[in-house]
Structure formats: structure tokens, C-alpha cells
Protein chains: 2
Amino acid sequence: MKNKIKIHRAIHNLTQEELANKICVSRQTINTMESGKYIPSTALSLKMAKLFGVSVEELFQLERGD
Amino acid sequence: MKNKIKIHRAIHNLTQEELANKICVSRQTINTMESGKYIPSTALSLKMAKLFGVSVEELFQLERGD
DNA sequence: ACTTTATGTAAAATATACTTTACATAATGG
DNA sequence: CCATTATGTAAAGTATATTTTACATAAAGT
């Protein structure tokens with residue numbers, strides 16, 4: 001799984017902590033998600049996509065292997 | 001989280017087991033997901049949405065409270 | 001009636017998401 | 001310089017997704 005969280009966070013000019021607060025998770029959740037260390041729940045990806053005004057598919061991309 | 005898995009599974013005329021095989025999870029994962037007992041990972045929802053030819057947003061909807 | 005197929009459900013085990021706390025670092029502003 | 005802000009990282013703990021096995025049931029076909 002690849003993701004474009006960092007890009008859309010930059011577009012919206014949010015820090016990891018601000019984003020975390022907006023979707024009610026810890027900053028580490030954002031940080032580790034952003035660096036691809038784990039795959040978030042569908043609830044989280046829906047919330048982030050909604051906040052950024054994009055689709056889940058725009059924000060997260062499957063890679064061969066997952 | 002609400003979902004329309006059962007509907008799209010019906011549209012594609014797949015049993016729970018067939019769907020499970022296609023996205024490499026157990027039948028119980030499909031069954032419990034379908035009945036809303038837990039929220040799947042983004043990888044799973046992306047795979048299902050892709051298989052059904054719909055968006056993750058079409059397949060899963062946030063509810064107030066999650 | 002009997003067998004098969006699809007589904008619902010449930011309990012225990014395992015994997016993984018997510019939190020909390022903490023420390024390190026680079027960048028910035030006083 | 002010193003304090004603050006934003007980020008990276010890591011370890012331990014908790015919550016939850018997913019698997020495996022199993023049993024029950026209803027529907028459909030023979």
C-alpha cells in the first residue's frame with residue numbers, strides 16, 4: 001500500500017498533529033501511516049479522504065503483493 | 001460504518017465463499033464484515049471496491065459516531 | 001428423506017492497528 | 001544561545017481485525 005497522505009497534508013497545510021486531531025487519532029498513527037508502516041482501517045481512510053476532499057482510491061493505492 | 005457488500009455481492013452473483021477467495025480472506029471475514037461487526041482494513045475495502053467496480057465510498061459509509 | 005450449498009453464529013487463537021510515552025533531531029524565532 | 005515547533009523513531013501496552021474450527025439451519029436438488 002502506497003499513500004499520498006503527506007502530499008494532501010501539505011496541500012491543506014496541516015501538521016501531523018493537526019491532522020491527527022481532526023480525525024481523532026494520535027500523531028503517531030498519522031506518522032506511521034504516512035511512512036507506510038501499516039494499513040489503516042477503512043474508517044480512518046474514509047475520514048481522511050473526506051477531510052481532503054478526495055477519494056480513498058486517490059489517497060491509498062494497492063501495490064502488487066497486498 | 002454501514003456497507004453495501006451484500007448488495008454488490010448479489011449484483012455479481014457471488015457467494016460469501018467465492019468473494020472471500022477472490023480477495024484472499026476467510027469466509028467468516030466476509031460474513032462478519034457484511035453484518036457490520038467490524039471495520040475492515042483499507043486494503044480489503046480497496047480490493048472489494050475494485051472487484052465490484054465501485055468506489056470505497058460507494059461500498060462503505062461512515063455513520064455519525066465513527 | 002437425504003445430500004449439498006449458502007449462510008449465520010460463536011469461541012479461541014493470532015496478527016495487526018492504534019495509543020501512550022518518550023527521546024532525538026533539524027528548523028525557526030526570540 | 002535558548003525555546004519552540006514539526007517530524008522521525010521506538011518500545012510496550014491495548015484494542016480490534018482476521019483466521020480457524022465448528023455447529024446449526026434453511027433452501028434446493030435428487
# chains A, B, ... in the order shown; residues from 1 in each chain; ligands from 1

call {"tool": "interface_residues", "arguments": {"of": "chain B", "to": "chain A", "cutoff": "12 Å", "atoms": "only C-alpha atoms", "output": "number ranges by chain"}}
result
B: 1-3, 23-25, 33, 38-50, 54-66

call {"tool": "write_last_selection", "arguments": {"atoms": "C-alpha atoms", "output": "tab-separated table (two decimals), in the first residue's frame"}}
result
chain	number	residue	atom	x	y	z
B	1	MET	CA	-19.95	2.04	9.39
B	2	LYS	CA	-22.59	0.80	7.02
B	3	ASN	CA	-21.75	-1.19	3.93
B	23	ILE	CA	-9.89	-11.24	-2.24
B	24	CYS	CA	-7.93	-13.81	-0.22
B	25	VAL	CA	-9.72	-13.73	3.11
B	33	MET	CA	-17.90	-7.66	7.62
B	38	TYR	CA	-16.16	-4.85	12.34
B	39	ILE	CA	-14.43	-2.39	10.09
B	40	PRO	CA	-12.11	-3.92	7.50
B	41	SER	CA	-8.69	-2.66	6.59
B	42	THR	CA	-8.28	-0.19	3.76
B	43	ALA	CA	-6.52	-2.87	1.73
B	44	LEU	CA	-9.59	-5.08	1.91
B	45	SER	CA	-12.05	-2.35	1.09
B	46	LEU	CA	-9.91	-1.27	-1.86
B	47	LYS	CA	-9.79	-4.82	-3.17
B	48	MET	CA	-13.52	-5.32	-2.83
B	49	ALA	CA	-14.36	-1.97	-4.38
B	50	LYS	CA	-12.04	-2.73	-7.29
B	54	VAL	CA	-17.23	0.79	-7.44
B	55	SER	CA	-15.53	3.26	-5.12
B	56	VAL	CA	-14.74	2.56	-1.50
B	57	GLU	CA	-17.14	5.38	-0.69
B	58	GLU	CA	-19.93	3.58	-2.54
B	59	LEU	CA	-19.24	0.36	-0.67
B	60	PHE	CA	-18.68	1.77	2.83
B	61	GLN	CA	-20.34	4.71	4.53
B	62	LEU	CA	-19.33	6.38	7.75
B	63	GLU	CA	-22.08	6.95	10.28
B	64	ARG	CA	-22.19	9.61	12.96
B	65	GLY	CA	-20.28	8.01	15.79
B	66	ASP	CA	-17.36	6.54	13.90

call {"tool": "select_by_dssp", "arguments": {"residues": "chain A", "states": "strand (DSSP E or B)", "output": "ChimeraX atom specification"}}
result
/A:2-3,41,60-61

call {"tool": "write_last_selection", "arguments": {"atoms": "N, CA and C atoms", "output": "PDB file, in the first residue's frame"}}
result
ATOM      1  N   LYS A   2       0.658   2.043  -1.025  1.00  0.00           N
ATOM      2  CA  LYS A   2       1.251   3.372  -1.056  1.00  0.00           C
ATOM      3  C   LYS A   2       0.188   4.377  -0.631  1.00  0.00           C
ATOM      4  N   ASN A   3       0.623   5.558  -0.215  1.00  0.00           N
ATOM      5  CA  ASN A   3      -0.371   6.581   0.097  1.00  0.00           C
ATOM      6  C   ASN A   3       0.165   7.973  -0.194  1.00  0.00           C
ATOM      7  N   SER A  41      -7.456   1.454   9.017  1.00  0.00           N
ATOM      8  CA  SER A  41      -8.805   0.920   8.863  1.00  0.00           C
ATOM      9  C   SER A  41      -9.556   1.728   7.810  1.00  0.00           C
ATOM     10  N   PHE A  60      -5.002   6.253  -1.226  1.00  0.00           N
ATOM     11  CA  PHE A  60      -4.318   4.972  -0.995  1.00  0.00           C
ATOM     12  C   PHE A  60      -4.316   4.124  -2.258  1.00  0.00           C
ATOM     13  N   GLN A  61      -3.166   3.569  -2.576  1.00  0.00           N
ATOM     14  CA  GLN A  61      -3.090   2.691  -3.747  1.00  0.00           C
ATOM     15  C   GLN A  61      -2.530   1.329  -3.386  1.00  0.00           C
TER      16      GLN A  61
END

call {"tool": "interface_residues", "arguments": {"of": "chain C", "to": "chain B", "cutoff": "10 Å", "atoms": "only C-alpha atoms (C1' of nucleotides)", "output": "number ranges by chain"}}
result
C: 5-9, 17

call {"tool": "closest_residue", "arguments": {"among": "D:DT16, D:DT30, D:DT25, D:DT7", "to": "C:DA15", "atoms": "only C-alpha atoms (C1' of nucleotides)"}}
result
D:DT16

call {"tool": "atom_distance", "arguments": {"atom1": "atom CA of A:Leu14", "atom2": "atom C1' of D:DA3"}}
result
22.2 Å

call {"tool": "residues_around", "arguments": {"residues": "A:Ala20", "least_positions_apart": "6", "cutoff": "7 Å", "atoms": "only C-alpha atoms (C1' of nucleotides)", "output": "list in words"}}
result
Ser26, Arg27 and Ile30 of chain A

call {"tool": "interface_residues", "arguments": {"of": "chain D", "to": "chain A", "cutoff": "12 Å", "atoms": "only C-alpha atoms (C1' of nucleotides)", "output": "JSON, numbers by chain"}}
result
{"D": [5, 6, 7, 8, 9, 10, 16, 17]}

call {"tool": "write_last_selection", "arguments": {"atoms": "C-alpha atoms (C1' of nucleotides)", "output": "PDB file, in the first residue's frame"}}
result
ATOM      1  C1'  DT D   5       7.637  23.544  16.607  1.00  0.00           C
ATOM      2  C1'  DA D   6       7.417  19.753  13.429  1.00  0.00           C
ATOM      3  C1'  DT D   7       8.974  15.389  12.452  1.00  0.00           C
ATOM      4  C1'  DG D   8      11.192  10.550  12.938  1.00  0.00           C
ATOM      5  C1'  DT D   9      11.584   6.633  15.618  1.00  0.00           C
ATOM      6  C1'  DA D  10      11.000   3.038  19.057  1.00  0.00           C
ATOM      7  C1'  DT D  16      -9.585  -4.830  17.212  1.00  0.00           C
ATOM      8  C1'  DA D  17      -9.345  -7.319  12.655  1.00  0.00           C
TER       9       DA D  17
END

call {"tool": "atom_distance", "arguments": {"atom1": "atom CA of B:Ile5", "atom2": "atom CA of B:Asn21"}}
result
14.9 Å

call {"tool": "atom_distance", "arguments": {"atom1": "atom C1' of C:DC18", "atom2": "atom C1' of D:DA15"}}
result
7.7 Å

call {"tool": "residues_around", "arguments": {"residues": "C:DA11", "least_positions_apart": "6", "cutoff": "12 Å", "atoms": "only C-alpha atoms (C1' of nucleotides)", "output": "ChimeraX atom specification"}}
result
/D:20-23

call {"tool": "write_last_selection", "arguments": {"atoms": "C-alpha atoms (C1' of nucleotides)", "output": "short mmCIF file (atom, residue, chain, number, x, y, z; two decimals), in the first residue's frame"}}
result
data_model
loop_
_atom_site.label_atom_id
_atom_site.label_comp_id
_atom_site.auth_asym_id
_atom_site.auth_seq_id
_atom_site.Cartn_x
_atom_site.Cartn_y
_atom_site.Cartn_z
"C1'" DT D 20 -9.53 -21.42 12.11
"C1'" DT D 21 -12.69 -24.69 13.55
"C1'" DA D 22 -17.05 -25.90 14.43
"C1'" DC D 23 -22.02 -26.32 14.66
#

call {"tool": "closest_residue", "arguments": {"among": "D:DA24, D:DT18, D:DA12, D:DG29", "to": "C:DA10", "atoms": "only C-alpha atoms (C1' of nucleotides)"}}
result
D:DA24

call {"tool": "decode", "arguments": {"residues": "stretch 12-63 of chain A", "atoms": "C-alpha atoms", "output": "short mmCIF file (atom, residue, chain, number, x, y, z; two decimals), in the first residue's frame"}}
result
data_model
loop_
_atom_site.label_atom_id
_atom_site.label_comp_id
_atom_site.auth_asym_id
_atom_site.auth_seq_id
_atom_site.Cartn_x
_atom_site.Cartn_y
_atom_site.Cartn_z
CA HIS A 12 -4.04 21.59 3.22
CA ASN A 13 -1.11 22.94 5.19
CA LEU A 14 -1.65 20.73 8.22
CA THR A 15 0.91 19.36 10.66
CA GLN A 16 0.76 15.68 11.56
CA GLU A 17 -0.66 16.64 14.91
CA GLU A 18 -3.36 18.89 13.46
CA LEU A 19 -4.42 16.17 11.06
CA ALA A 20 -4.40 13.65 13.89
CA ASN A 21 -6.70 15.86 15.96
CA LYS A 22 -9.08 16.41 13.07
CA ILE A 23 -9.65 12.71 12.57
CA CYS A 24 -9.32 11.75 16.24
CA VAL A 25 -6.19 9.62 16.21
CA SER A 26 -2.76 10.04 17.72
CA ARG A 27 0.05 11.82 15.94
CA GLN A 28 1.96 8.55 15.75
CA THR A 29 -0.89 6.96 13.87
CA ILE A 30 -0.50 9.65 11.22
CA ASN A 31 3.25 9.43 11.24
CA THR A 32 3.47 5.66 10.85
CA MET A 33 0.61 5.60 8.36
CA GLU A 34 2.31 8.27 6.31
CA SER A 35 5.52 6.27 6.22
CA GLY A 36 3.61 3.19 5.11
CA LYS A 37 4.32 1.10 8.18
CA TYR A 38 0.77 -0.15 8.38
CA ILE A 39 -2.54 -0.14 6.64
CA PRO A 40 -5.22 1.94 8.33
CA SER A 41 -8.80 0.92 8.86
CA THR A 42 -11.41 1.82 6.28
CA ALA A 43 -12.98 4.22 8.79
CA LEU A 44 -9.73 6.18 9.00
CA SER A 45 -9.12 6.27 5.28
CA LEU A 46 -12.69 7.41 4.67
CA LYS A 47 -12.31 10.19 7.23
CA MET A 48 -9.03 11.38 5.76
CA ALA A 49 -10.28 11.23 2.19
CA LYS A 50 -13.36 13.19 3.17
CA LEU A 51 -11.30 15.79 5.00
CA PHE A 52 -9.01 16.21 2.00
CA GLY A 53 -11.87 16.19 -0.46
CA VAL A 54 -10.53 13.24 -2.41
CA SER A 55 -11.45 9.59 -2.84
CA VAL A 56 -9.94 6.77 -0.81
CA GLU A 57 -8.55 5.49 -4.11
CA GLU A 58 -6.74 8.79 -4.65
CA LEU A 59 -5.27 8.67 -1.17
CA PHE A 60 -4.32 4.97 -0.99
CA GLN A 61 -3.09 2.69 -3.75
CA LEU A 62 -2.76 -1.06 -3.63
CA GLU A 63 0.54 -2.47 -4.79
#
